[in-house]
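K.L.:
Just final34.tsv, nothing more (TSV, C-alpha atoms and all ligand atoms):
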chain	number	residue	atom	x	y	z
A	261	MET	CA	0.00	0.00	0.00
A	262	ALA	CA	1.25	3.50	-0.85
A	263	ARG	CA	2.42	5.38	2.22
A	264	ILE	CA	1.93	8.97	3.21
A	265	ILE	CA	4.87	10.45	5.10
A	266	ILE	CA	5.11	13.88	6.67
A	267	HIS	CA	8.55	15.32	7.31
A	268	ILE	CA	8.68	18.22	9.77
A	269	ASP	CA	11.89	20.21	10.03
A	270	MET	CA	12.24	23.11	12.46
A	271	ASN	CA	13.73	26.27	10.97
A	272	SER	CA	16.96	27.66	12.46
A	273	TYR	CA	15.99	25.59	15.46
A	274	PHE	CA	18.31	26.58	18.31
A	275	ALA	CA	18.21	30.22	17.27
A	276	SER	CA	14.40	30.20	17.09
A	277	VAL	CA	14.13	28.64	20.54
A	278	GLU	CA	16.36	31.38	21.96
A	279	GLN	CA	14.39	34.08	20.16
A	280	GLN	CA	11.19	32.60	21.54
A	281	ALA	CA	12.60	32.61	25.04
A	282	ASN	CA	14.19	36.05	24.88
A	283	PRO	CA	12.36	38.96	23.19
A	284	PHE	CA	15.63	40.92	23.09
A	285	LEU	CA	16.97	38.49	20.47
A	286	ARG	CA	13.96	38.66	18.16
A	287	GLY	CA	14.45	40.05	14.68
A	288	LYS	CA	18.23	40.15	15.18
A	289	PRO	CA	21.04	38.17	13.57
A	290	ILE	CA	22.12	35.66	16.19
A	291	GLY	CA	24.42	32.67	16.13
A	292	ILE	CA	24.21	29.85	18.63
A	293	THR	CA	27.65	28.71	19.75
A	294	GLY	CA	29.34	26.39	22.20
A	295	LYS	CA	30.49	27.49	25.63
A	296	ASP	CA	33.92	28.65	24.52
A	297	GLN	CA	32.84	31.20	21.94
A	298	LYS	CA	36.32	32.03	20.68
A	299	ARG	CA	37.02	28.48	19.58
A	300	SER	CA	33.47	27.55	18.71
A	301	VAL	CA	31.49	27.42	15.48
A	302	VAL	CA	27.99	28.68	14.77
A	303	ALA	CA	25.76	25.68	15.45
A	304	THR	CA	22.66	27.49	14.19
A	305	ALA	CA	22.24	30.92	12.68
A	306	SER	CA	18.94	32.78	12.99
A	307	ILE	CA	17.02	33.49	9.79
A	308	GLU	CA	18.22	37.11	10.04
A	309	ALA	CA	21.87	36.01	10.28
A	310	LYS	CA	21.46	33.58	7.36
A	311	ARG	CA	20.16	36.44	5.24
A	312	LEU	CA	23.39	38.29	5.96
A	313	GLY	CA	25.49	35.35	4.82
A	314	VAL	CA	26.18	33.46	8.05
A	315	LYS	CA	26.15	29.70	7.55
A	316	THR	CA	25.91	26.72	9.88
A	317	ALA	CA	29.30	25.40	11.07
A	318	MET	CA	31.05	28.68	10.24
A	319	SER	CA	33.69	29.68	12.80
A	320	THR	CA	32.55	32.45	15.15
A	321	TRP	CA	35.49	34.49	13.94
A	322	GLU	CA	34.31	34.29	10.33
A	323	ALA	CA	30.67	34.90	11.30
A	324	LYS	CA	31.74	38.11	13.07
A	325	ARG	CA	33.71	39.17	10.03
A	326	ILE	CA	30.80	38.63	7.63
A	327	CYS	CA	28.19	39.99	9.98
A	328	PRO	CA	29.69	42.34	12.61
A	329	THR	CA	26.29	42.89	14.27
A	330	ILE	CA	25.78	39.17	14.97
A	331	ILE	CA	24.94	38.31	18.55
A	332	LEU	CA	26.81	35.15	19.54
A	333	TRP	CA	24.72	33.31	22.09
A	334	PRO	CA	25.85	30.23	24.04
A	335	GLY	CA	23.65	27.22	23.32
A	336	ASP	CA	21.47	25.60	25.96
A	337	PRO	CA	21.10	21.93	24.95
A	338	GLU	CA	18.73	21.21	27.79
A	339	LYS	CA	16.31	23.87	26.63
A	340	TYR	CA	16.36	22.50	23.07
A	341	ALA	CA	15.91	18.92	24.24
A	342	ASP	CA	12.87	20.07	26.21
A	343	ILE	CA	11.21	21.63	23.18
A	344	THR	CA	12.13	18.61	21.03
A	345	HIS	CA	10.41	16.40	23.55
A	346	ARG	CA	7.40	18.69	23.47
A	347	PHE	CA	6.92	18.75	19.69
A	348	ASN	CA	7.42	15.02	19.31
A	349	ALA	CA	4.72	14.51	21.94
A	350	ILE	CA	2.42	16.67	19.79
A	351	TYR	CA	3.19	14.51	16.73
A	352	ARG	CA	2.36	11.38	18.68
A	353	ASP	CA	-1.13	12.73	19.22
A	354	PHE	CA	-1.59	12.31	15.47
A	355	THR	CA	0.11	8.99	14.71
A	356	ASP	CA	1.83	6.11	16.46
A	357	SER	CA	4.62	6.10	13.89
A	358	VAL	CA	6.97	8.95	14.68
A	359	GLU	CA	10.66	8.74	13.94
A	360	GLU	CA	12.83	11.34	15.63
A	361	PHE	CA	15.38	11.76	12.87
A	362	SER	CA	17.36	14.46	14.63
A	363	VAL	CA	16.91	17.01	17.39
A	364	ASP	CA	14.80	19.19	15.08
A	365	GLU	CA	13.43	16.80	12.45
A	366	SER	CA	10.85	14.03	12.59
A	367	PHE	CA	9.09	11.73	10.15
A	368	LEU	CA	5.45	10.83	10.68
A	369	ASP	CA	3.79	7.93	8.88
A	370	VAL	CA	0.16	9.05	8.62
A	371	THR	CA	-1.02	6.56	5.97
A	372	GLN	CA	-3.74	5.12	8.21
A	373	GLU	CA	-4.62	8.25	10.15
A	374	ALA	CA	-4.85	10.70	7.25
A	375	GLY	CA	-6.30	8.39	4.59
A	376	ASP	CA	-5.24	10.58	1.67
A	377	TYR	CA	-3.12	13.60	0.81
A	378	PHE	CA	-5.93	16.03	1.58
A	379	GLY	CA	-6.26	14.50	5.05
A	380	ALA	CA	-2.49	14.67	5.51
A	381	THR	CA	-2.44	18.35	4.55
A	382	CYS	CA	-5.19	19.17	7.06
A	383	MET	CA	-3.27	17.20	9.68
A	384	ALA	CA	-0.06	19.10	8.93
A	385	GLN	CA	-1.89	22.40	9.28
A	386	THR	CA	-3.34	21.34	12.62
A	387	ILE	CA	0.11	20.25	13.77
A	388	ARG	CA	1.45	23.64	12.78
A	389	GLU	CA	-1.30	25.37	14.82
A	390	ARG	CA	-0.43	23.28	17.84
A	391	LEU	CA	3.28	23.98	17.46
A	392	ARG	CA	2.49	27.67	17.49
A	393	GLU	CA	0.23	27.41	20.53
A	394	GLU	CA	2.34	25.00	22.58
A	395	CYS	CA	5.93	25.76	21.57
A	396	GLY	CA	5.61	29.42	20.57
A	397	GLU	CA	5.09	31.38	17.38
A	398	ARG	CA	8.81	31.92	16.79
A	399	ILE	CA	9.47	28.20	16.47
A	400	THR	CA	8.45	27.50	12.90
A	401	ALA	CA	8.79	24.41	10.73
A	402	SER	CA	9.03	23.40	7.09
A	403	ILE	CA	6.73	20.52	6.24
A	404	GLY	CA	6.94	18.11	3.32
A	405	ILE	CA	4.31	15.46	2.57
A	406	ALA	CA	5.25	12.67	0.13
A	407	PRO	CA	5.06	8.89	-0.47
A	408	ASN	CA	8.34	8.13	1.32
A	409	ARG	CA	10.85	9.62	3.76
A	410	LEU	CA	13.41	10.60	1.18
A	411	MET	CA	10.91	12.53	-0.93
A	412	ALA	CA	9.21	14.06	2.13
A	413	LYS	CA	12.58	15.38	3.31
A	414	LEU	CA	13.43	16.72	-0.13
A	415	ALA	CA	9.98	18.33	-0.27
A	416	SER	CA	10.33	20.11	3.08
A	417	GLU	CA	13.84	21.21	2.08
A	418	SER	CA	12.35	22.86	-1.01
A	419	VAL	CA	10.02	25.09	1.04
A	420	LYS	CA	12.41	26.34	3.74
A	421	PRO	CA	11.70	28.29	5.84
A	422	ASN	CA	8.21	27.82	7.18
A	423	GLY	CA	6.61	26.31	4.06
A	424	LEU	CA	4.33	23.36	3.49
A	425	THR	CA	4.25	21.30	0.32
A	426	VAL	CA	2.59	18.14	-0.91
A	427	VAL	CA	4.30	15.89	-3.43
A	428	LYS	CA	2.00	13.14	-4.62
A	429	PRO	CA	3.43	9.95	-6.17
A	430	ASN	CA	2.93	11.28	-9.71
A	431	GLU	CA	4.77	14.48	-8.80
A	432	VAL	CA	7.99	13.08	-7.37
A	433	LEU	CA	9.91	13.18	-10.65
A	434	ASP	CA	9.01	16.86	-11.09
A	435	LEU	CA	10.32	17.59	-7.60
A	436	LEU	CA	13.56	15.70	-8.30
A	437	ASP	CA	14.05	17.48	-11.61
A	438	LYS	CA	13.69	20.85	-9.87
A	439	SER	CA	16.26	19.85	-7.21
A	440	LYS	CA	20.02	19.62	-7.26
A	441	LEU	CA	21.68	16.24	-6.62
A	442	GLU	CA	23.23	17.46	-3.39
A	443	ASP	CA	19.82	18.51	-2.05
A	444	LEU	CA	18.97	14.85	-1.52
A	445	CYS	CA	19.71	13.46	1.93
A	446	GLY	CA	22.33	10.77	1.21
A	447	ILE	CA	24.18	12.53	-1.60
A	448	GLY	CA	27.11	14.19	0.11
A	449	PRO	CA	29.92	16.16	-1.53
A	450	ARG	CA	32.03	13.05	-2.25
A	451	VAL	CA	29.22	11.06	-3.90
A	452	ASN	CA	28.24	14.18	-5.81
A	453	GLU	CA	31.80	14.52	-7.09
A	454	ARG	CA	31.93	10.89	-8.20
A	455	LEU	CA	28.58	11.25	-9.98
A	456	ASP	CA	29.95	14.33	-11.67
A	457	ASP	CA	32.93	12.27	-12.87
A	458	LEU	CA	30.43	9.92	-14.54
A	459	GLY	CA	28.85	12.92	-16.26
A	460	ILE	CA	25.78	12.81	-14.00
A	461	LYS	CA	24.69	16.30	-12.96
A	462	THR	CA	20.92	15.95	-12.68
A	463	PHE	CA	18.40	13.44	-11.42
A	464	LYS	CA	17.22	12.94	-15.00
A	465	GLN	CA	20.75	11.89	-16.00
A	466	LEU	CA	20.98	9.69	-12.92
A	467	ARG	CA	17.69	8.00	-13.89
A	468	GLU	CA	18.92	7.34	-17.40
A	469	TYR	CA	22.34	6.01	-16.37
A	470	PRO	CA	22.46	2.18	-16.53
A	471	VAL	CA	21.86	0.77	-13.08
A	472	GLU	CA	24.60	-1.86	-13.62
A	473	GLY	CA	27.12	0.93	-14.14
A	474	LEU	CA	26.04	2.63	-10.90
A	475	ILE	CA	26.33	-0.63	-8.97
A	476	GLU	CA	29.78	-1.20	-10.42
A	477	GLU	CA	30.87	2.26	-9.29
A	478	PHE	CA	29.08	2.51	-5.94
A	479	ASN	CA	28.16	-1.10	-4.95
A	480	SER	CA	24.89	-1.13	-2.99
A	481	LEU	CA	24.78	2.66	-2.93
A	482	GLY	CA	24.47	2.48	-6.73
A	483	LEU	CA	21.11	0.74	-6.51
A	484	TRP	CA	20.00	3.17	-3.82
A	485	LEU	CA	20.94	6.12	-6.09
A	486	HIS	CA	19.08	4.59	-9.03
A	487	ASN	CA	15.95	4.08	-6.93
A	488	ALA	CA	16.25	7.55	-5.41
A	489	ALA	CA	16.37	9.12	-8.88
A	490	TRP	CA	13.02	7.42	-9.54
A	491	GLY	CA	11.66	8.76	-6.24
A	492	GLN	CA	11.81	5.35	-4.56
A	493	ASN	CA	13.18	4.82	-1.08
A	494	TYR	CA	13.74	1.75	1.05
A	495	PRO	CA	13.14	0.95	3.81
A	496	PRO	CA	9.72	2.54	3.37
A	497	VAL	CA	9.14	3.61	6.94
A	498	ILE	CA	9.86	4.16	10.37
A	499	SER	CA	9.61	1.72	13.21
A	500	PRO	CA	6.17	2.17	14.67
A	501	LEU	CA	5.97	3.24	18.28
A	502	PRO	CA	2.84	2.45	20.23
A	503	LYS	CA	1.08	5.54	21.49
A	504	GLY	CA	1.41	5.66	25.26
A	505	GLY	CA	-1.68	5.50	27.39
A	506	LEU	CA	-0.32	8.42	29.35
A	507	ARG	CA	-0.81	11.97	28.21
A	508	GLY	CA	2.40	13.51	27.00
A	509	VAL	CA	4.49	10.38	27.15
A	510	ALA	CA	6.63	10.71	24.10
A	511	ASP	CA	8.07	7.29	23.67
A	512	SER	CA	6.34	4.53	25.48
A	513	THR	CA	8.68	1.84	24.16
A	514	ASN	CA	11.31	3.73	26.02
A	515	ASP	CA	9.37	4.59	29.16
A	516	PRO	CA	11.85	5.51	31.85
A	517	LYS	CA	11.79	3.21	34.84
A	518	SER	CA	13.24	6.02	36.89
A	519	TYR	CA	14.12	9.69	36.68
A	520	GLY	CA	17.32	10.92	38.22
A	521	HIS	CA	19.98	13.57	38.31
A	522	SER	CA	23.32	13.60	40.00
A	523	TYR	CA	25.76	16.45	40.20
A	524	THR	CA	29.44	16.71	40.96
A	525	LEU	CA	29.81	19.83	43.08
A	526	PRO	CA	32.27	22.53	42.01
A	527	GLN	CA	34.25	21.76	45.20
A	528	ASP	CA	33.94	19.07	47.84
A	529	THR	CA	31.86	20.63	50.59
A	530	GLU	CA	30.30	20.23	54.02
A	531	ASP	CA	28.27	23.40	53.73
A	532	GLN	CA	24.69	22.37	54.48
A	533	THR	CA	23.14	25.44	52.88
A	534	LEU	CA	24.99	24.77	49.67
A	535	LEU	CA	24.09	21.08	49.69
A	536	LYS	CA	20.44	21.96	50.28
A	537	ARG	CA	20.42	24.35	47.35
A	538	TYR	CA	21.93	21.82	44.94
A	539	LEU	CA	19.60	19.12	46.13
A	540	LEU	CA	16.60	21.37	45.62
A	541	LEU	CA	17.71	22.17	42.07
A	542	LEU	CA	18.15	18.47	41.29
A	543	ALA	CA	14.77	17.61	42.83
A	544	ASP	CA	13.05	20.29	40.74
A	545	LYS	CA	14.69	18.97	37.59
A	546	VAL	CA	13.60	15.41	38.29
A	547	ALA	CA	10.07	16.55	39.17
A	548	TRP	CA	9.76	18.63	36.02
A	549	ARG	CA	10.81	15.73	33.80
A	550	MET	CA	8.18	13.56	35.45
A	551	ARG	CA	5.42	16.17	35.10
A	552	ARG	CA	6.46	16.69	31.50
A	553	ASP	CA	5.88	12.96	30.91
A	554	GLY	CA	2.64	12.89	32.89
A	555	VAL	CA	4.03	10.54	35.55
A	556	ALA	CA	4.80	10.54	39.26
A	557	ALA	CA	7.00	8.47	41.57
A	558	ARG	CA	6.19	6.33	44.59
A	559	CYS	CA	9.79	6.12	45.70
A	560	VAL	CA	12.75	8.46	45.88
A	561	SER	CA	16.36	7.77	46.72
A	562	ALA	CA	19.29	10.04	47.44
A	563	TYR	CA	22.96	9.25	47.38
A	564	VAL	CA	26.18	11.06	48.07
A	565	ARG	CA	29.76	10.44	47.09
A	566	PHE	CA	32.48	11.66	49.38
A	567	GLY	CA	35.87	13.16	48.59
A	568	ASP	CA	37.51	9.70	48.67
A	569	PHE	CA	34.90	8.39	46.19
A	570	SER	CA	33.20	6.23	48.80
A	571	GLY	CA	29.45	6.60	48.70
A	572	ALA	CA	26.19	6.04	50.55
A	573	GLY	CA	22.54	6.05	49.58
A	574	GLN	CA	19.08	5.33	50.87
A	575	GLN	CA	15.52	5.35	49.63
A	576	THR	CA	12.09	6.32	50.92
A	577	THR	CA	8.64	5.27	49.72
A	578	PHE	CA	5.73	7.70	49.59
A	579	SER	CA	2.20	6.87	50.70
A	580	SER	CA	0.95	8.39	47.44
A	581	PRO	CA	2.88	9.12	44.23
A	582	THR	CA	4.30	12.58	43.72
A	583	ALA	CA	5.89	14.78	41.04
A	584	ASP	CA	6.39	17.75	43.34
A	585	GLY	CA	9.98	18.94	43.47
A	586	LYS	CA	9.67	20.42	46.94
A	587	LEU	CA	8.42	17.18	48.43
A	588	LEU	CA	11.19	15.22	46.67
A	589	TYR	CA	13.69	17.69	48.08
A	590	GLU	CA	12.36	17.58	51.65
A	591	THR	CA	12.38	13.79	51.62
A	592	THR	CA	15.85	13.43	50.14
A	593	TRP	CA	17.34	16.11	52.39
A	594	ILE	CA	16.53	13.96	55.40
A	595	ILE	CA	18.60	11.20	53.77
A	596	VAL	CA	21.49	13.41	52.68
A	597	ASN	CA	21.56	15.11	56.07
A	598	THR	CA	22.01	11.80	57.88
A	599	PHE	CA	25.12	11.14	55.80
A	600	ALA	CA	26.35	14.73	55.96
A	601	SER	CA	26.09	14.94	59.73
A	602	ARG	CA	28.04	11.78	60.54
A	603	PRO	CA	31.00	12.91	62.62
A	604	ASP	CA	33.62	10.99	60.62
A	605	HIS	CA	32.51	11.83	57.10
A	606	LEU	CA	34.59	13.51	54.43
A	607	PRO	CA	33.36	16.52	52.49
A	608	ILE	CA	30.77	15.62	49.85
A	609	ARG	CA	31.83	15.47	46.25
A	610	LEU	CA	28.61	14.50	44.47
A	611	ILE	CA	24.92	14.33	45.28
A	612	GLY	CA	22.24	12.49	43.35
A	613	ILE	CA	18.55	11.84	43.46
A	614	THR	CA	16.46	9.21	41.68
A	615	ALA	CA	12.69	8.89	41.59
A	616	SER	CA	11.43	5.38	40.87
A	617	LEU	CA	8.32	3.18	40.98
A	618	ILE	CA	6.90	5.38	38.25
A	619	CYS	CA	3.14	5.51	37.65
A	620	PRO	CA	0.63	7.83	35.91
A	621	ASP	CA	0.42	11.21	37.62
A	622	PRO	CA	-2.65	11.20	39.87
A	623	ARG	CA	-2.66	15.01	39.99
A	624	ALA	CA	-4.94	14.89	36.97
A	625	ILE	CA	-7.74	14.58	39.54
A	626	PRO	CA	-6.75	16.54	42.66
A	627	LEU	CA	-9.00	15.77	45.60
A	628	PHE	CA	-8.19	18.31	48.25
A	629	LYS	CA	-8.13	22.09	48.19
A	630	LYS	CA	-4.50	22.33	49.22
A	631	GLU	CA	-3.54	19.91	46.45
A	632	GLN	CA	-5.63	21.83	43.93
A	633	LYS	CA	-3.76	25.02	44.79
A	634	LEU	CA	-0.37	23.31	44.44
A	635	CYS	CA	-1.45	21.78	41.14
A	636	SER	CA	-2.43	25.11	39.68
A	637	VAL	CA	0.92	26.67	40.63
A	638	LEU	CA	2.86	23.72	39.22
A	639	SER	CA	0.85	23.61	36.03
A	640	SER	CA	1.37	27.34	35.45
A	641	LEU	CA	5.11	26.86	35.94
A	642	ASP	CA	5.03	23.84	33.63
A	643	THR	CA	3.30	25.86	30.92
A	644	LEU	CA	6.14	28.37	31.17
A	645	GLN	CA	8.76	25.60	31.07
A	646	ARG	CA	7.19	23.97	28.04
A	647	ARG	CA	7.22	27.26	26.24
A	648	TYR	CA	10.52	28.74	27.30
A	649	GLY	CA	12.57	25.80	28.50
A	650	ALA	CA	13.39	24.27	31.86
A	651	GLY	CA	15.47	27.19	33.14
A	652	ILE	CA	12.68	29.78	32.96
A	653	TRP	CA	11.99	29.87	36.69
A	654	LYS	CA	14.06	29.28	39.78
A	655	ARG	CA	13.33	29.13	43.47
A	656	ALA	CA	14.72	32.15	45.29
A	657	SER	CA	16.79	29.94	47.60
A	658	THR	CA	18.64	28.40	44.63
A	659	LEU	CA	19.41	31.72	42.94
A	660	PRO	CA	23.04	31.82	44.10
A	661	ILE	CA	23.90	28.57	42.31
A	662	THR	CA	23.59	27.10	38.84
A	663	LEU	CA	24.02	23.58	37.54
A	664	LYS	CA	26.66	23.61	34.86
A	665	THR	CA	25.57	21.57	31.88
A	666	ARG	CA	28.20	19.05	31.02
A	667	SER	CA	26.97	17.73	27.78
A	668	SER	CA	28.22	15.63	24.96
A	669	GLY	CA	25.80	16.24	22.15
A	670	PHE	CA	22.43	16.00	23.81
A	671	LYS	CA	23.25	13.44	26.46
A	672	PHE	CA	23.84	14.96	29.84
A	673	ASP	CA	26.39	13.30	31.98
A	674	HIS	CA	24.32	13.95	35.05
A	675	GLU	CA	20.99	12.77	33.68
A	676	ILE	CA	20.30	9.18	34.62
B	701	MG	MG	16.08	22.24	10.77
Produce structure tokens that represent the structure in this file.

P.N.:
Amino acid sequence: MARIIIHIDMNSYFASVEQQANPFLRGKPIGITGKDQKRSVVATASIEAKRLGVKTAMSTWEAKRICPTIILWPGDPEKYADITHRFNAIYRDFTDSVEEFSVDESFLDVTQEAGDYFGATCMAQTIRERLREECGERITASIGIAPNRLMAKLASESVKPNGLTVVKPNEVLDLLDKSKLEDLCGIGPRVNERLDDLGIKTFKQLREYPVEGLIEEFNSLGLWLHNAAWGQNYPPVISPLPKGGLRGVADSTNDPKSYGHSYTLPQDTEDQTLLKRYLLLLADKVAWRMRRDGVAARCVSAYVRFGDFSGAGQQTTFSSPTADGKLLYETTWIIVNTFASRPDHLPIRLIGITASLICPDPRAIPLFKKEQKLCSVLSSLDTLQRRYGAGIWKRASTLPITLKTRSSGFKFDHEI
């Protein structure tokens, strides 16, 4: 059966997220960089910066030279991961088959759900509405709808930024013939060069080139290239993911069994105030991730590592599940404090907290007035976090400290 695939690609993603979060950056050329700006490259340029010639992966030095007014802004991977999580959860409201292709791109197989291309177009427009409402109007996407992933990606590429296009099966050759070889995901500069050596400069020429010759030159890639030039792509789709029963759970095949954060302190310490502040920050982070996924925990554990790398930990079970950061903090502080106040202990090097025995969040139906009040505060804060990222609010007592993000790509070394 013919498939219908939607490819959604966020435009100037990191830059748009920052512009959404910070009105000061809107309408200005900005470049998102790593922590060390002098040695970094521009990971994403805002649409305004791209117009002035700044390109992705350009050194910050060169970006400054081309565009002296550019604002170089350090990236916040956690904030981007949050929004990525949010928009993929929106997609999963429309279909079970969502493939997160990269931090800002996803494929949706909507063959069953949409029925036909008209249905898929309506669906894409509704998705776009929800992105605007739930992620913010600055975070825009290009959308391509086509019979397979390769063509859907090429289609969305052709309408950057912020466009929507439908390429039906009988239109794929037209799309290919309007595109350059290197526009196709899978044809990099080297392959393009080798095709050029064979005298192939267009998809039409690639289509007409004997497939045996391509296989001889490129092995299995040759067949792939031949099929691609005809608008065919294998494997057809995406591993289907069952839609979770829980609201907002993005990937139920990958449901976390626990949520945790640990943090190596800037210096080994015995300072109780400092330990309390870090613990509260960690507890809030864990609680937010649970609320974001619509779950709560029946159990929480805390652990500490001392200066000599020895460690200790303990857990507590709640009478009813919770996703409230303050409660997680109060419970885990009792544990940490027992270790921290032992007379013979060394200064603490690392603290960690893990929430486990995860279940659906019962706050959906708050029973008591006090709970209702707490829920409304938390849900207002969560709305802000969904829109502007996890760092948008802070408790006054944790203001003096920050958790340094130690990231490799989008995996955080302190996220468990
Ligand atoms: Mg993108």

K.L.:
Take atom CA of Glu365 of chain A and atom CA of Cys382 of chain A and report the distance between them in Å, one decimal.

P.N.:
19.5 Å

K.L.:
Taking all atoms listed in the file into account, which residues have an atom no farther than 12 Å from ligand MG 701 (chain B)? I'd like them as a PyMOL selection string.

P.N.:
chain A and resi 267-277+303-307+316+344+361-366+399-403+413+416-417+419-422

K.L.:
Name the closest residue to Glu394 of chain A among the candidates A:Trp490, A:Gln297, A:Ile350, A:Phe284; distances are taken between atoms, counting all atoms listed in the file.

P.N.:
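The shortest atom-to-atom distance to Glu394 of chain A comes from A:Ile350.
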
K.L.:
Taking only C-alpha atoms into account, name the residue in A:Ile265, A:Leu433, A:Met411, A:Leu455 that is nearest to Gly375 of chain A.

P.N.:
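Among A:Ile265, A:Leu433, A:Met411, A:Leu455, it is A:Ile265 that comes nearest to Gly375 of chain A.
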
K.L.:
May I have the residues within 7 Å of Thr320 of chain A as a compact mmCIF listing (two decimals) with C-alpha atoms, in the frame of the given file, using all atoms listed in the file and disregarding those fewer than 3 positions away in the same chain?

P.N.:
# COMPACT_ATOMS: atom_id res chain seq x y z
CA GLN A 297 32.84 31.20 21.94
CA LYS A 298 36.32 32.03 20.68
CA SER A 300 33.47 27.55 18.71
CA VAL A 301 31.49 27.42 15.48
CA VAL A 302 27.99 28.68 14.77
CA ALA A 323 30.67 34.90 11.30
CA LYS A 324 31.74 38.11 13.07

K.L.:
List every protein, DNA or RNA residue that has at least one atom no more than 8 Å from (4.3, 9.9, 11.1) in the file's coordinates, counting all atoms listed in the file, and write the result as a list of chain:residue names.

P.N.:
A:Ile265, A:Ile266, A:His267, A:Tyr351, A:Arg352, A:Phe354, A:Thr355, A:Asp356, A:Ser357, A:Val358, A:Glu359, A:Ser366, A:Phe367, A:Leu368, A:Asp369, A:Val370

K.L.:
Need the shell around Thr381 of chain A: protein/DNA/RNA residues with any atom at most 8 Å away, counting only C-alpha atoms. Skip same-chain ones fewer than 4 positions apart. Format as a ChimeraX atom specification?

P.N.:
/A:377,385,405,426

K.L.:
Grab the atom CA of Ile613 of chain A to atom CA of Tyr589 of chain A distance for me, in Å with one decimal place.

P.N.:
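Computed distance, atom CA of Ile613 of chain A to atom CA of Tyr589 of chain A, equals 8.9 Å.
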
K.L.:
What would the list of residues within 12 Å of (8.8, 28.7, 42.9) (file frame) look like as a PyMOL selection string, if only C-alpha atoms are what count?

P.N.:
chain A and resi 540-541+544+584-586+634+637-642+651-659

K.L.:
Store the residues picked out above in a file with C-alpha atoms, as a PDB file, in the frame of the given file.

P.N.:
ATOM      1  CA  LEU A 540      16.600  21.370  45.620  1.00  0.00           C
ATOM      2  CA  LEU A 541      17.710  22.170  42.070  1.00  0.00           C
ATOM      3  CA  ASP A 544      13.050  20.290  40.740  1.00  0.00           C
ATOM      4  CA  ASP A 584       6.390  17.750  43.340  1.00  0.00           C
ATOM      5  CA  GLY A 585       9.980  18.940  43.470  1.00  0.00           C
ATOM      6  CA  LYS A 586       9.670  20.420  46.940  1.00  0.00           C
ATOM      7  CA  LEU A 634      -0.370  23.310  44.440  1.00  0.00           C
ATOM      8  CA  VAL A 637       0.920  26.670  40.630  1.00  0.00           C
ATOM      9  CA  LEU A 638       2.860  23.720  39.220  1.00  0.00           C
ATOM     10  CA  SER A 639       0.850  23.610  36.030  1.00  0.00           C
ATOM     11  CA  SER A 640       1.370  27.340  35.450  1.00  0.00           C
ATOM     12  CA  LEU A 641       5.110  26.860  35.940  1.00  0.00           C
ATOM     13  CA  ASP A 642       5.030  23.840  33.630  1.00  0.00           C
ATOM     14  CA  GLY A 651      15.470  27.190  33.140  1.00  0.00           C
ATOM     15  CA  ILE A 652      12.680  29.780  32.960  1.00  0.00           C
ATOM     16  CA  TRP A 653      11.990  29.870  36.690  1.00  0.00           C
ATOM     17  CA  LYS A 654      14.060  29.280  39.780  1.00  0.00           C
ATOM     18  CA  ARG A 655      13.330  29.130  43.470  1.00  0.00           C
ATOM     19  CA  ALA A 656      14.720  32.150  45.290  1.00  0.00           C
ATOM     20  CA  SER A 657      16.790  29.940  47.600  1.00  0.00           C
ATOM     21  CA  THR A 658      18.640  28.400  44.630  1.00  0.00           C
ATOM     22  CA  LEU A 659      19.410  31.720  42.940  1.00  0.00           C
TER      23      LEU A 659
END

K.L.:
What separation in Å, quoted to one decimal, exists between atom CA of Thr592 of chain A and atom CA of Arg549 of chain A?

P.N.:
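Atom CA of Arg549 of chain A lies 17.3 Å from atom CA of Thr592 of chain A.
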
K.L.:
At a cut-off of 12 Å, using all atoms listed in the file, what residues contact Leu410 of chain A? Leave out same-chain residues fewer than 5 positions from it and give the result as a short mmCIF file (atom, residue, chain, number, x, y, z; two decimals) with C-alpha atoms, keeping the file's coordinate frame.

P.N.:
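Below is the file that was written, result.cif:
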data_model
loop_
_atom_site.label_atom_id
_atom_site.label_comp_id
_atom_site.auth_asym_id
_atom_site.auth_seq_id
_atom_site.Cartn_x
_atom_site.Cartn_y
_atom_site.Cartn_z
CA ILE A 264 1.93 8.97 3.21
CA ILE A 265 4.87 10.45 5.10
CA ILE A 266 5.11 13.88 6.67
CA HIS A 267 8.55 15.32 7.31
CA PHE A 361 15.38 11.76 12.87
CA PHE A 367 9.09 11.73 10.15
CA GLY A 404 6.94 18.11 3.32
CA ILE A 405 4.31 15.46 2.57
CA ALA A 415 9.98 18.33 -0.27
CA SER A 416 10.33 20.11 3.08
CA GLU A 417 13.84 21.21 2.08
CA VAL A 427 4.30 15.89 -3.43
CA VAL A 432 7.99 13.08 -7.37
CA LEU A 435 10.32 17.59 -7.60
CA LEU A 436 13.56 15.70 -8.30
CA ASP A 443 19.82 18.51 -2.05
CA LEU A 444 18.97 14.85 -1.52
CA CYS A 445 19.71 13.46 1.93
CA GLY A 446 22.33 10.77 1.21
CA ILE A 447 24.18 12.53 -1.60
CA TRP A 484 20.00 3.17 -3.82
CA LEU A 485 20.94 6.12 -6.09
CA ASN A 487 15.95 4.08 -6.93
CA ALA A 488 16.25 7.55 -5.41
CA ALA A 489 16.37 9.12 -8.88
CA TRP A 490 13.02 7.42 -9.54
CA GLY A 491 11.66 8.76 -6.24
CA GLN A 492 11.81 5.35 -4.56
CA ASN A 493 13.18 4.82 -1.08
CA TYR A 494 13.74 1.75 1.05
CA PRO A 495 13.14 0.95 3.81
CA PRO A 496 9.72 2.54 3.37
CA VAL A 497 9.14 3.61 6.94
CA ILE A 498 9.86 4.16 10.37
#

K.L.:
Under the rule that all atoms listed in the file are counted, which of A:Arg450, A:Ile387, A:Cys619, A:Pro407 is the nearest residue to Glu431 of chain A?

P.N.:
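Ranked by minimum distance to Glu431 of chain A, first place goes to A:Pro407.
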